[in-house]
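Have a look at query.tsv below; it lists TSV, C-alpha atoms.
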chain	number	residue	atom	x	y	z
R	1	MET	CA	-54.14	257.46	89.47
R	2	ASN	CA	-50.84	259.22	90.11
R	3	TYR	CA	-49.15	260.38	86.92
R	4	SER	CA	-47.28	263.32	88.42
R	5	HIS	CA	-43.68	263.42	87.14
R	6	LYS	CA	-44.11	260.09	85.33
R	7	ARG	CA	-42.10	259.76	82.12
R	8	VAL	CA	-44.65	258.69	79.51
R	9	LEU	CA	-44.40	257.96	75.79
R	10	VAL	CA	-47.52	258.18	73.61
R	11	THR	CA	-47.26	256.76	70.10
R	12	GLY	CA	-49.77	258.18	67.64
R	13	GLY	CA	-50.09	261.15	69.99
R	14	LEU	CA	-51.05	263.58	67.23
R	15	GLY	CA	-54.06	261.44	66.35
R	16	PHE	CA	-57.57	261.35	67.76
R	17	ILE	CA	-57.42	259.23	70.92
R	18	GLY	CA	-53.68	259.64	71.39
R	19	SER	CA	-53.85	263.42	71.53
R	20	ASN	CA	-56.75	263.39	73.98
R	21	LEU	CA	-54.72	261.03	76.14
R	22	ALA	CA	-51.57	263.17	75.86
R	23	VAL	CA	-53.45	266.32	76.87
R	24	ARG	CA	-54.93	264.58	79.88
R	25	LEU	CA	-51.55	263.17	80.93
R	26	VAL	CA	-50.04	266.66	80.89
R	27	GLU	CA	-52.94	267.91	83.00
R	28	LEU	CA	-52.14	265.13	85.49
R	29	GLY	CA	-48.52	266.26	85.73
R	30	ALA	CA	-46.79	263.69	83.52
R	31	SER	CA	-43.74	264.37	81.38
R	32	VAL	CA	-45.06	263.42	77.94
R	33	THR	CA	-43.21	262.55	74.75
R	34	VAL	CA	-45.23	261.94	71.58
R	35	VAL	CA	-43.93	259.90	68.66
R	36	ASP	CA	-45.97	260.31	65.49
R	37	SER	CA	-45.02	259.97	61.82
R	38	SER	CA	-48.02	262.00	60.60
R	39	CYS	CA	-48.60	259.23	58.07
R	40	SER	CA	-51.23	260.18	55.52
R	41	GLY	CA	-54.64	258.79	56.39
R	42	CYS	CA	-53.92	258.04	60.06
R	43	GLY	CA	-55.37	261.20	61.59
R	44	ALA	CA	-52.38	263.18	62.83
R	45	ASN	CA	-53.14	266.87	63.39
R	46	PRO	CA	-50.64	269.17	65.17
R	47	HIS	CA	-53.53	271.35	66.36
R	48	ASN	CA	-54.70	268.44	68.51
R	49	LEU	CA	-51.98	269.27	71.05
R	50	ALA	CA	-52.49	273.04	70.93
R	51	PRO	CA	-53.57	273.34	74.60
R	52	VAL	CA	-50.31	271.71	75.79
R	53	ALA	CA	-47.96	272.36	72.87
R	54	ASP	CA	-45.35	273.99	75.10
R	55	ARG	CA	-45.39	271.06	77.54
R	56	VAL	CA	-45.14	268.06	75.19
R	57	ARG	CA	-42.11	266.87	73.28
R	58	VAL	CA	-43.10	265.72	69.78
R	59	ILE	CA	-40.76	263.44	67.83
R	60	PRO	CA	-41.74	263.22	64.12
R	61	ALA	CA	-40.85	259.60	63.47
R	62	ASP	CA	-42.39	256.30	62.40
R	63	ILE	CA	-42.49	253.78	65.24
R	64	GLY	CA	-41.13	251.30	62.72
R	65	ASP	CA	-37.87	253.26	62.80
R	66	PRO	CA	-37.13	253.17	66.54
R	67	HIS	CA	-33.45	253.97	66.00
R	68	LEU	CA	-34.60	257.55	65.37
R	69	PHE	CA	-35.82	257.95	68.95
R	70	GLU	CA	-33.95	255.32	71.00
R	71	GLU	CA	-32.96	257.82	73.67
R	72	ALA	CA	-36.65	258.59	74.29
R	73	LEU	CA	-37.29	254.90	75.08
R	74	GLN	CA	-34.88	254.76	77.97
R	75	GLY	CA	-36.02	255.29	81.54
R	76	LEU	CA	-39.73	255.39	80.71
R	77	ASP	CA	-42.36	254.72	83.35
R	78	LEU	CA	-45.10	253.95	80.83
R	79	VAL	CA	-45.88	253.55	77.13
R	80	PHE	CA	-49.30	254.20	75.60
R	81	ASN	CA	-49.21	252.66	72.13
R	82	LEU	CA	-51.88	254.18	69.89
R	83	ALA	CA	-50.02	254.38	66.57
R	84	GLY	CA	-51.70	252.68	63.64
R	85	GLU	CA	-54.23	252.70	60.84
R	86	VAL	CA	-57.87	252.22	61.83
R	87	SER	CA	-59.71	252.10	58.50
R	88	HIS	CA	-61.22	248.74	57.62
R	89	VAL	CA	-61.93	249.89	54.05
R	90	HIS	CA	-58.37	251.07	53.51
R	91	SER	CA	-57.02	247.79	54.84
R	92	MET	CA	-58.88	245.87	52.15
R	93	ALA	CA	-57.88	248.22	49.36
R	94	PHE	CA	-54.26	248.53	50.50
R	95	PRO	CA	-53.48	245.41	52.57
R	96	GLU	CA	-49.69	245.71	52.38
R	97	ARG	CA	-49.89	249.26	53.67
R	98	ASP	CA	-52.00	248.11	56.61
R	99	LEU	CA	-49.58	245.23	57.23
R	100	GLU	CA	-46.62	247.62	57.32
R	101	ILE	CA	-48.28	250.11	59.67
R	102	ASN	CA	-50.13	247.78	62.02
R	103	THR	CA	-47.77	244.79	62.27
R	104	VAL	CA	-44.24	245.29	60.94
R	105	ALA	CA	-43.82	248.72	62.50
R	106	GLN	CA	-45.36	247.48	65.76
R	107	LEU	CA	-42.98	244.53	65.98
R	108	ARG	CA	-39.95	246.74	65.36
R	109	PHE	CA	-41.14	249.21	67.96
R	110	LEU	CA	-41.85	246.60	70.65
R	111	ASP	CA	-38.51	244.93	70.05
R	112	ALA	CA	-36.80	248.27	70.78
R	113	VAL	CA	-38.97	248.88	73.85
R	114	ARG	CA	-38.24	245.50	75.41
R	115	ARG	CA	-34.48	246.00	74.82
R	116	LEU	CA	-34.21	249.59	76.02
R	117	CYS	CA	-36.90	249.64	78.70
R	118	PRO	CA	-37.47	246.02	79.76
R	119	GLY	CA	-40.58	245.24	81.76
R	120	VAL	CA	-42.25	248.59	81.14
R	121	ARG	CA	-46.06	248.80	81.14
R	122	VAL	CA	-47.39	249.19	77.58
R	123	VAL	CA	-51.09	249.88	77.00
R	124	TYR	CA	-52.07	249.12	73.41
R	125	ALA	CA	-55.10	250.45	71.53
R	126	GLY	CA	-56.72	247.32	70.13
R	127	THR	CA	-60.09	247.04	68.42
R	128	ARG	CA	-63.38	245.19	68.68
R	129	GLN	CA	-62.97	244.45	64.95
R	130	ILE	CA	-60.88	241.38	65.79
R	131	TYR	CA	-64.04	239.54	66.87
R	132	GLY	CA	-65.58	239.80	63.41
R	133	ILE	CA	-69.30	239.03	63.10
R	134	PRO	CA	-70.54	238.51	66.68
R	135	ARG	CA	-71.83	235.06	67.54
R	136	TYR	CA	-73.59	236.55	70.56
R	137	LEU	CA	-74.22	239.91	72.20
R	138	PRO	CA	-72.82	241.51	74.19
R	139	VAL	CA	-69.36	240.38	73.11
R	140	ASP	CA	-66.97	239.46	75.92
R	141	GLU	CA	-63.21	238.89	75.80
R	142	ASP	CA	-63.67	235.13	75.37
R	143	HIS	CA	-65.52	235.54	72.06
R	144	PRO	CA	-63.80	233.77	69.14
R	145	VAL	CA	-61.41	235.88	67.10
R	146	GLU	CA	-62.64	235.85	63.48
R	147	PRO	CA	-61.88	239.25	61.85
R	148	VAL	CA	-63.57	240.01	58.55
R	149	ASP	CA	-60.95	242.41	57.19
R	150	PHE	CA	-57.18	242.86	57.14
R	151	ASN	CA	-57.27	245.65	59.69
R	152	GLY	CA	-58.74	243.22	62.21
R	153	VAL	CA	-56.18	240.55	61.27
R	154	HIS	CA	-53.24	242.92	61.59
R	155	LYS	CA	-54.46	244.58	64.78
R	156	TYR	CA	-54.89	241.14	66.33
R	157	ALA	CA	-51.35	240.21	65.33
R	158	ALA	CA	-50.06	243.39	67.00
R	159	SER	CA	-52.08	242.55	70.11
R	160	MET	CA	-50.42	239.15	70.23
R	161	TYR	CA	-46.96	240.72	69.94
R	162	HIS	CA	-47.73	242.66	73.13
R	163	LEU	CA	-49.14	239.62	74.92
R	164	THR	CA	-46.35	237.27	73.83
R	165	LEU	CA	-43.64	239.64	75.07
R	166	SER	CA	-45.57	239.94	78.33
R	167	ARG	CA	-45.68	236.17	78.75
R	168	LEU	CA	-41.92	236.15	78.22
R	169	GLY	CA	-41.52	238.73	80.97
R	170	GLN	CA	-40.06	241.32	78.62
R	171	LEU	CA	-43.01	243.74	78.72
R	172	ASP	CA	-46.00	244.32	81.00
R	173	ALA	CA	-48.77	244.92	78.47
R	174	ALA	CA	-52.50	245.54	78.48
R	175	VAL	CA	-54.63	245.49	75.32
R	176	LEU	CA	-57.81	247.56	75.23
R	177	ARG	CA	-60.29	246.37	72.60
R	178	LEU	CA	-62.10	249.56	71.78
R	179	THR	CA	-65.56	249.91	70.31
R	180	ASN	CA	-66.44	252.95	68.13
R	181	VAL	CA	-64.86	255.98	69.81
R	182	TYR	CA	-66.07	259.51	69.10
R	183	GLY	CA	-65.51	263.01	70.40
R	184	PRO	CA	-63.20	266.03	70.05
R	185	ARG	CA	-60.13	265.74	67.81
R	186	MET	CA	-61.57	263.10	65.47
R	187	ALA	CA	-59.95	263.23	62.01
R	188	LEU	CA	-63.01	264.47	60.17
R	189	HIS	CA	-61.11	265.35	56.99
R	190	ILE	CA	-60.08	261.75	56.33
R	191	PRO	CA	-62.72	259.50	54.70
R	192	CYS	CA	-63.31	255.85	55.59
R	193	GLN	CA	-62.46	256.30	59.27
R	194	GLY	CA	-65.72	254.79	60.47
R	195	VAL	CA	-69.41	255.53	60.59
R	196	LEU	CA	-69.27	258.04	63.47
R	197	SER	CA	-66.59	260.11	61.78
R	198	THR	CA	-68.60	260.09	58.54
R	199	PHE	CA	-71.81	261.10	60.29
R	200	LEU	CA	-70.10	263.86	62.23
R	201	ARG	CA	-68.35	265.28	59.18
R	202	ARG	CA	-71.59	265.44	57.21
R	203	ALA	CA	-73.52	266.90	60.14
R	204	LEU	CA	-70.98	269.70	60.62
R	205	LEU	CA	-71.14	270.46	56.89
R	206	GLY	CA	-74.94	270.62	57.02
R	207	GLN	CA	-75.33	267.52	54.85
R	208	ASP	CA	-77.96	264.81	55.32
R	209	LEU	CA	-76.79	261.59	56.94
R	210	GLU	CA	-76.95	258.35	54.96
R	211	VAL	CA	-77.78	255.05	56.64
R	212	PHE	CA	-77.40	251.71	54.87
R	213	ASP	CA	-80.24	249.15	54.76
R	214	GLY	CA	-82.39	250.83	57.36
R	215	GLY	CA	-79.66	251.19	59.97
R	216	ASP	CA	-80.87	248.36	62.24
R	217	SER	CA	-77.37	247.27	63.30
R	218	LEU	CA	-76.42	248.12	66.87
R	219	ARG	CA	-73.33	249.99	68.09
R	220	ASP	CA	-72.22	251.11	71.54
R	221	PRO	CA	-70.27	254.34	70.89
R	222	VAL	CA	-67.88	255.38	73.64
R	223	HIS	CA	-66.90	259.00	74.24
R	224	VAL	CA	-63.18	259.69	74.00
R	225	ASP	CA	-63.07	260.95	77.59
R	226	ASP	CA	-64.27	257.54	78.76
R	227	ALA	CA	-61.75	255.80	76.48
R	228	VAL	CA	-58.93	257.96	77.86
R	229	HIS	CA	-59.98	257.08	81.40
R	230	ALA	CA	-59.72	253.38	80.53
R	231	PHE	CA	-56.16	253.91	79.26
R	232	LEU	CA	-55.21	255.81	82.40
R	233	LEU	CA	-56.57	253.08	84.66
R	234	ALA	CA	-54.83	250.34	82.69
R	235	GLY	CA	-51.60	252.29	82.92
R	236	SER	CA	-51.76	253.02	86.63
R	237	VAL	CA	-52.86	249.78	88.31
R	238	ALA	CA	-49.89	248.16	90.05
R	239	ARG	CA	-50.66	244.64	88.84
R	240	LEU	CA	-52.90	243.79	85.90
R	241	PRO	CA	-55.40	241.04	86.77
R	242	SER	CA	-55.92	240.43	83.05
R	243	ARG	CA	-54.17	241.40	79.83
R	244	THR	CA	-57.14	242.16	77.56
R	245	TYR	CA	-60.14	244.37	78.25
R	246	ASN	CA	-63.15	245.38	76.20
R	247	VAL	CA	-63.96	249.09	76.31
R	248	GLY	CA	-67.53	249.90	75.26
R	249	GLY	CA	-70.15	252.59	75.50
R	250	ALA	CA	-72.84	253.33	78.03
R	251	GLU	CA	-75.71	252.31	75.74
R	252	ALA	CA	-76.45	250.24	72.64
R	253	LEU	CA	-78.09	252.21	69.83
R	254	SER	CA	-79.08	251.34	66.29
R	255	LEU	CA	-77.14	253.14	63.58
R	256	PHE	CA	-80.39	254.80	62.54
R	257	ARG	CA	-80.94	256.07	66.08
R	258	ILE	CA	-77.36	257.37	66.22
R	259	ALA	CA	-77.92	259.18	62.92
R	260	GLU	CA	-81.28	260.48	64.14
R	261	ILE	CA	-79.79	261.97	67.31
R	262	MET	CA	-76.97	263.57	65.35
R	263	ALA	CA	-79.22	264.85	62.58
R	264	ARG	CA	-81.60	266.46	65.06
R	265	ALA	CA	-78.71	268.20	66.80
R	266	ALA	CA	-77.27	269.46	63.51
R	267	GLY	CA	-80.57	270.34	61.81
R	268	VAL	CA	-80.21	267.89	58.91
R	269	GLN	CA	-82.13	264.82	57.74
R	270	VAL	CA	-81.48	261.06	57.71
R	271	THR	CA	-81.79	259.16	54.45
R	272	THR	CA	-81.40	255.45	53.71
R	273	ARG	CA	-79.92	253.60	50.76
R	274	PRO	CA	-78.82	250.03	49.96
R	275	PHE	CA	-75.55	248.79	51.41
R	276	PRO	CA	-72.68	249.23	48.89
R	277	ALA	CA	-71.52	245.77	47.89
R	278	GLU	CA	-67.87	246.36	48.77
R	279	ARG	CA	-68.77	247.62	52.26
R	280	LYS	CA	-71.21	244.77	52.89
R	281	LEU	CA	-68.35	242.29	52.52
R	282	ILE	CA	-66.69	243.60	55.69
R	283	ASP	CA	-69.76	244.65	57.67
R	284	ILE	CA	-70.07	242.88	61.02
R	285	GLY	CA	-73.76	243.59	61.67
R	286	SER	CA	-74.59	244.47	65.26
R	287	TYR	CA	-71.91	244.88	67.90
R	288	VAL	CA	-72.26	245.60	71.63
R	289	SER	CA	-69.37	245.30	74.11
R	290	ASP	CA	-69.42	243.34	77.33
R	291	TRP	CA	-67.13	245.46	79.52
R	292	ALA	CA	-67.82	243.64	82.79
R	293	ARG	CA	-64.17	242.58	83.13
R	294	ILE	CA	-62.71	246.10	83.11
R	295	ARG	CA	-65.46	247.26	85.47
R	296	ARG	CA	-64.77	244.41	87.87
R	297	GLU	CA	-60.96	244.50	87.75
R	298	LEU	CA	-60.10	248.15	87.12
R	299	GLY	CA	-63.24	249.95	88.26
R	300	TRP	CA	-63.98	251.48	84.84
R	301	THR	CA	-67.46	252.30	83.59
R	302	PRO	CA	-68.50	254.63	80.76
R	303	GLN	CA	-69.88	257.89	82.13
R	304	VAL	CA	-70.94	259.80	79.01
R	305	GLY	CA	-74.21	258.94	77.26
R	306	PHE	CA	-74.30	259.40	73.50
R	307	ALA	CA	-76.63	262.40	73.36
R	308	GLU	CA	-74.55	264.29	75.94
R	309	GLY	CA	-71.28	263.24	74.34
R	310	LEU	CA	-72.51	264.39	70.95
R	311	ARG	CA	-73.55	267.76	72.38
R	312	ARG	CA	-70.08	268.25	73.84
R	313	THR	CA	-68.46	267.18	70.57
R	314	LEU	CA	-70.46	269.53	68.35
R	315	GLU	CA	-69.83	272.38	70.75
R	316	TRP	CA	-66.10	271.67	70.77
R	317	TYR	CA	-65.80	271.62	66.98
R	318	GLY	CA	-67.92	274.76	66.64
R	319	ALA	CA	-65.03	276.98	67.71
R	320	ARG	CA	-62.27	274.99	65.96
R	321	LEU	CA	-63.75	273.65	62.74
R	322	GLU	CA	-61.21	275.31	60.45
R	323	HIS	CA	-58.51	273.10	61.96
R	324	TYR	CA	-60.42	269.88	61.32
R	325	LEU	CA	-62.59	270.16	58.25
R	326	ASP	CA	-62.06	271.49	54.75
R	327	PRO	CA	-65.31	271.43	52.75
R	328	ALA	CA	-63.22	270.96	49.59
R	329	GLN	CA	-61.59	267.78	50.92
R	330	PRO	CA	-62.42	264.73	48.75
R	331	THR	CA	-64.67	262.09	50.27
R	332	PHE	CA	-63.46	259.04	48.34
R	333	CYS	CA	-61.29	256.42	50.03
R	334	GLY	CA	-58.14	256.76	47.96
R	335	MET	CA	-54.87	256.56	49.88
R	336	PRO	CA	-51.32	257.65	49.12
R	337	GLU	CA	-48.48	255.19	49.43
R	338	HIS	CA	-46.69	254.57	52.73
R	339	ARG	CA	-42.99	254.29	53.51
R	340	GLY	CA	-42.12	254.35	49.82
R	341	GLN	CA	-43.76	251.03	49.03
R	342	ARG	CA	-46.08	250.30	46.13
R	343	HIS	CA	-49.31	248.66	47.24
R	344	ARG	CA	-50.80	247.12	44.14
R	345	VAL	CA	-53.22	244.62	45.72
R	346	THR	CA	-56.84	245.74	45.66
R	347	LEU	CA	-59.37	243.27	47.06
R	348	ILE	CA	-62.55	245.34	47.05
R	349	PRO	CA	-64.56	244.47	43.94
R	350	ALA	CA	-64.97	247.25	41.40

Any chance you could give the structure as structure tokens?
Amino acid sequence: MNYSHKRVLVTGGLGFIGSNLAVRLVELGASVTVVDSSCSGCGANPHNLAPVADRVRVIPADIGDPHLFEEALQGLDLVFNLAGEVSHVHSMAFPERDLEINTVAQLRFLDAVRRLCPGVRVVYAGTRQIYGIPRYLPVDEDHPVEPVDFNGVHKYAASMYHLTLSRLGQLDAAVLRLTNVYGPRMALHIPCQGVLSTFLRRALLGQDLEVFDGGDSLRDPVHVDDAVHAFLLAGSVARLPSRTYNVGGAEALSLFRIAEIMARAAGVQVTTRPFPAERKLIDIGSYVSDWARIRRELGWTPQVGFAEGLRRTLEWYGARLEHYLDPAQPTFCGMPEHRGQRHRVTLIPA
């Protein structure tokens, strides 16, 4: 992978995965521009880029307003598109907000990219949530698309924008369907960002971990370093054999086992309680990725096992926790409004 002197744009580059990717790109010699609106609830944290702050250009703008950074879109070698909302719970409580962030803004952004930098490689951060409740495990890229929440619906729509423009020859896009990603720079202060973020926040605060209904459901958590490597491979291969790739973890673990490993490392306990009714409505049960395609075509395999990845993560936060976690931060899933719109539709039962 040769990224030396490449002109690269990273959307959502102040967020969790985007910032890890931006840091790594700088280390590889790329000229990196980050576009991030710092939208409430989407995980932006300026401290994420602290190690390379003097070597990254940061443009504070919403990708849905590409006229604010049109000059940055010209002459690019590569776009890594990681902007967006990831919370399934928030998408059900505030569907119009999720629609605006994950579809409308994406379409506006891609329209500007294809006009100002036609044919450029764009690697988009998709999600395994588009598959919905798995019909079989592990889930491959041919699995039916049946999302159970609006985040999955909207992320799938954004994926199709990328793929449609690629079929038209206007972009050269790859979509990575990510499983649960964890590691340094997670937005621990924002609730409803996923089970791993919740577990990690509670563990770092010395609180017991709660597992719903016994925690039998499987997950295949992938360390952010492995996820970043998948993005770098998808961005560097001369010709993409495929357009969509699953990115999963090295091992399948039950949620109880994940909690158990984390609790042991943090010196807390694991408790169980019934599944909250509103969460059960959008729970997918067990999920395990089939990542044979990306291994076969791009040579990617996950390298970091969960126990080792967790050890690295806890160690990393130990010296930086004040930048990522405020014990006084509320833990409910309320969200402010976005882009001045009023989002009155609430679909989660009271």

Review point. Of the candidates R:Glu141, R:Asp149, R:Asp326, R:Asp220, which shows the shortest atom-to-atom distance to R:Leu176, using only C-alpha atoms?
Key: R:Glu141

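Between atom CA of R:Leu137 and atom CA of R:Leu255 lies a distance of 16.1 Å.
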
Exercise for review: Would you mind listing what lies within 8 Å of R:Glu210 as a ChimeraX atom specification, with all atoms listed in the file counted and same-chain residues fewer than 6 positions away left out?
Suggested key: /R:199,270-273

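Between atom CA of R:Ala203 and atom CA of R:Pro302 the interatomic distance comes to 24.5 Å.
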
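Residues surrounding R:Tyr3 within 6 Å are Lys6, Leu28 and Ala30 of chain R [only C-alpha atoms; sequence separation below 3 positions excluded].
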
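Nearest residue to R:Arg97 among R:Gly183, R:Gly249, R:Pro147, R:Gly84 is R:Gly84, counting all atoms listed in the file.
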
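The spacing separating atom CA of R:Asn81 from atom CA of R:Gln129 amounts to 17.6 Å.
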
**Study point:** Non-local contacts of R:Tyr161 (9 Å; only C-alpha atoms; under 6 positions in same chain excluded) as a ChimeraX atom specification
**Key:** /R:103,106-107,110

Point to revise | Proximity to R:Asp54 - best of R:Val153, R:Thr33, R:Leu168, R:Gly267, all atoms listed in the file | key: R:Thr33

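Nearest to R:Ile133 of all the residues R:Glu322, R:Asp283, R:Glu70, R:Asp65 is R:Asp283, based on only C-alpha atoms.
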
Around stretch 283-297 of chain R, with edges along x, y and z and 6 Å added on all six sides, what centre and edge lengths do you get, in Å to one decimal, as AutoDock Vina command-line options?
--center_x -67.8 --center_y 244.9 --center_z 72.8 --size_x 25.6 --size_y 16.7 --size_z 42.2

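In this comparison, which uses only C-alpha atoms, the residue of R:Tyr124, R:Phe109, R:Phe16, R:Tyr131 approaching R:Asn45 most closely is R:Phe16.
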
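Using only C-alpha atoms for every distance, the candidate list R:Leu9, R:Ala174, R:Val148, R:Val120 yields R:Ala174 as the residue closest to R:Met160.
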
Around (-74.8, 247.8, 67.7) in the file's frame, which residues reach within 7 Å when counting only C-alpha atoms? Return as a PDB file with C-alpha atoms, keeping the file's coordinate frame?
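Result file point18.pdb:
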ATOM      1  CA  SER R 217     -77.370 247.270  63.300  1.00  0.00           C
ATOM      2  CA  LEU R 218     -76.420 248.120  66.870  1.00  0.00           C
ATOM      3  CA  ARG R 219     -73.330 249.990  68.090  1.00  0.00           C
ATOM      4  CA  ASP R 220     -72.220 251.110  71.540  1.00  0.00           C
ATOM      5  CA  ALA R 252     -76.450 250.240  72.640  1.00  0.00           C
ATOM      6  CA  LEU R 253     -78.090 252.210  69.830  1.00  0.00           C
ATOM      7  CA  SER R 254     -79.080 251.340  66.290  1.00  0.00           C
ATOM      8  CA  SER R 286     -74.590 244.470  65.260  1.00  0.00           C
ATOM      9  CA  TYR R 287     -71.910 244.880  67.900  1.00  0.00           C
ATOM     10  CA  VAL R 288     -72.260 245.600  71.630  1.00  0.00           C
TER      11      VAL R 288
END

If we draw a sphere of 10 Å around (-61.4, 245.1, 53.5), which residues have at least one atom in it when counting all atoms listed in the file? Please report them as an mmCIF file with C-alpha atoms, keeping the file's coordinate frame.
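As written to disk, result.cif reads:
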data_model
loop_
_atom_site.group_PDB
_atom_site.id
_atom_site.type_symbol
_atom_site.label_atom_id
_atom_site.label_comp_id
_atom_site.auth_asym_id
_atom_site.auth_seq_id
_atom_site.Cartn_x
_atom_site.Cartn_y
_atom_site.Cartn_z
ATOM 1 C CA SER R 87 -59.710 252.100 58.500
ATOM 2 C CA HIS R 88 -61.220 248.740 57.620
ATOM 3 C CA VAL R 89 -61.930 249.890 54.050
ATOM 4 C CA HIS R 90 -58.370 251.070 53.510
ATOM 5 C CA SER R 91 -57.020 247.790 54.840
ATOM 6 C CA MET R 92 -58.880 245.870 52.150
ATOM 7 C CA ALA R 93 -57.880 248.220 49.360
ATOM 8 C CA PHE R 94 -54.260 248.530 50.500
ATOM 9 C CA PRO R 95 -53.480 245.410 52.570
ATOM 10 C CA VAL R 148 -63.570 240.010 58.550
ATOM 11 C CA ASP R 149 -60.950 242.410 57.190
ATOM 12 C CA PHE R 150 -57.180 242.860 57.140
ATOM 13 C CA ASN R 151 -57.270 245.650 59.690
ATOM 14 C CA GLY R 152 -58.740 243.220 62.210
ATOM 15 C CA GLU R 278 -67.870 246.360 48.770
ATOM 16 C CA ARG R 279 -68.770 247.620 52.260
ATOM 17 C CA LYS R 280 -71.210 244.770 52.890
ATOM 18 C CA LEU R 281 -68.350 242.290 52.520
ATOM 19 C CA ILE R 282 -66.690 243.600 55.690
ATOM 20 C CA ASP R 283 -69.760 244.650 57.670
ATOM 21 C CA THR R 346 -56.840 245.740 45.660
ATOM 22 C CA LEU R 347 -59.370 243.270 47.060
ATOM 23 C CA ILE R 348 -62.550 245.340 47.050
#

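Taking all atoms listed in the file, the non-local environment of R:Asp36 within 7 Å (same-chain residues fewer than 3 positions away omitted) comprises Thr11, Gly12, Gly13, Leu14, Ile59, Pro60, Ala61 and Asp62 of chain R.
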
Exercise for review: Write out as number ranges by chain each polymer residue whose atoms come within 9 Å of R:Gly235, counting only C-alpha atoms; drop sequence neighbours fewer than 3 positions from it.
Suggested key: R: 1, 78-80, 121-123, 174, 230-232, 238

Take the residues just selected and output them with C-alpha atoms as an mmCIF file, keeping the file's coordinate frame.
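Wrote it out as selection.cif, contents follow:
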data_model
loop_
_atom_site.group_PDB
_atom_site.id
_atom_site.type_symbol
_atom_site.label_atom_id
_atom_site.label_comp_id
_atom_site.auth_asym_id
_atom_site.auth_seq_id
_atom_site.Cartn_x
_atom_site.Cartn_y
_atom_site.Cartn_z
ATOM 1 C CA MET R 1 -54.140 257.460 89.470
ATOM 2 C CA LEU R 78 -45.100 253.950 80.830
ATOM 3 C CA VAL R 79 -45.880 253.550 77.130
ATOM 4 C CA PHE R 80 -49.300 254.200 75.600
ATOM 5 C CA ARG R 121 -46.060 248.800 81.140
ATOM 6 C CA VAL R 122 -47.390 249.190 77.580
ATOM 7 C CA VAL R 123 -51.090 249.880 77.000
ATOM 8 C CA ALA R 174 -52.500 245.540 78.480
ATOM 9 C CA ALA R 230 -59.720 253.380 80.530
ATOM 10 C CA PHE R 231 -56.160 253.910 79.260
ATOM 11 C CA LEU R 232 -55.210 255.810 82.400
ATOM 12 C CA ALA R 238 -49.890 248.160 90.050
#
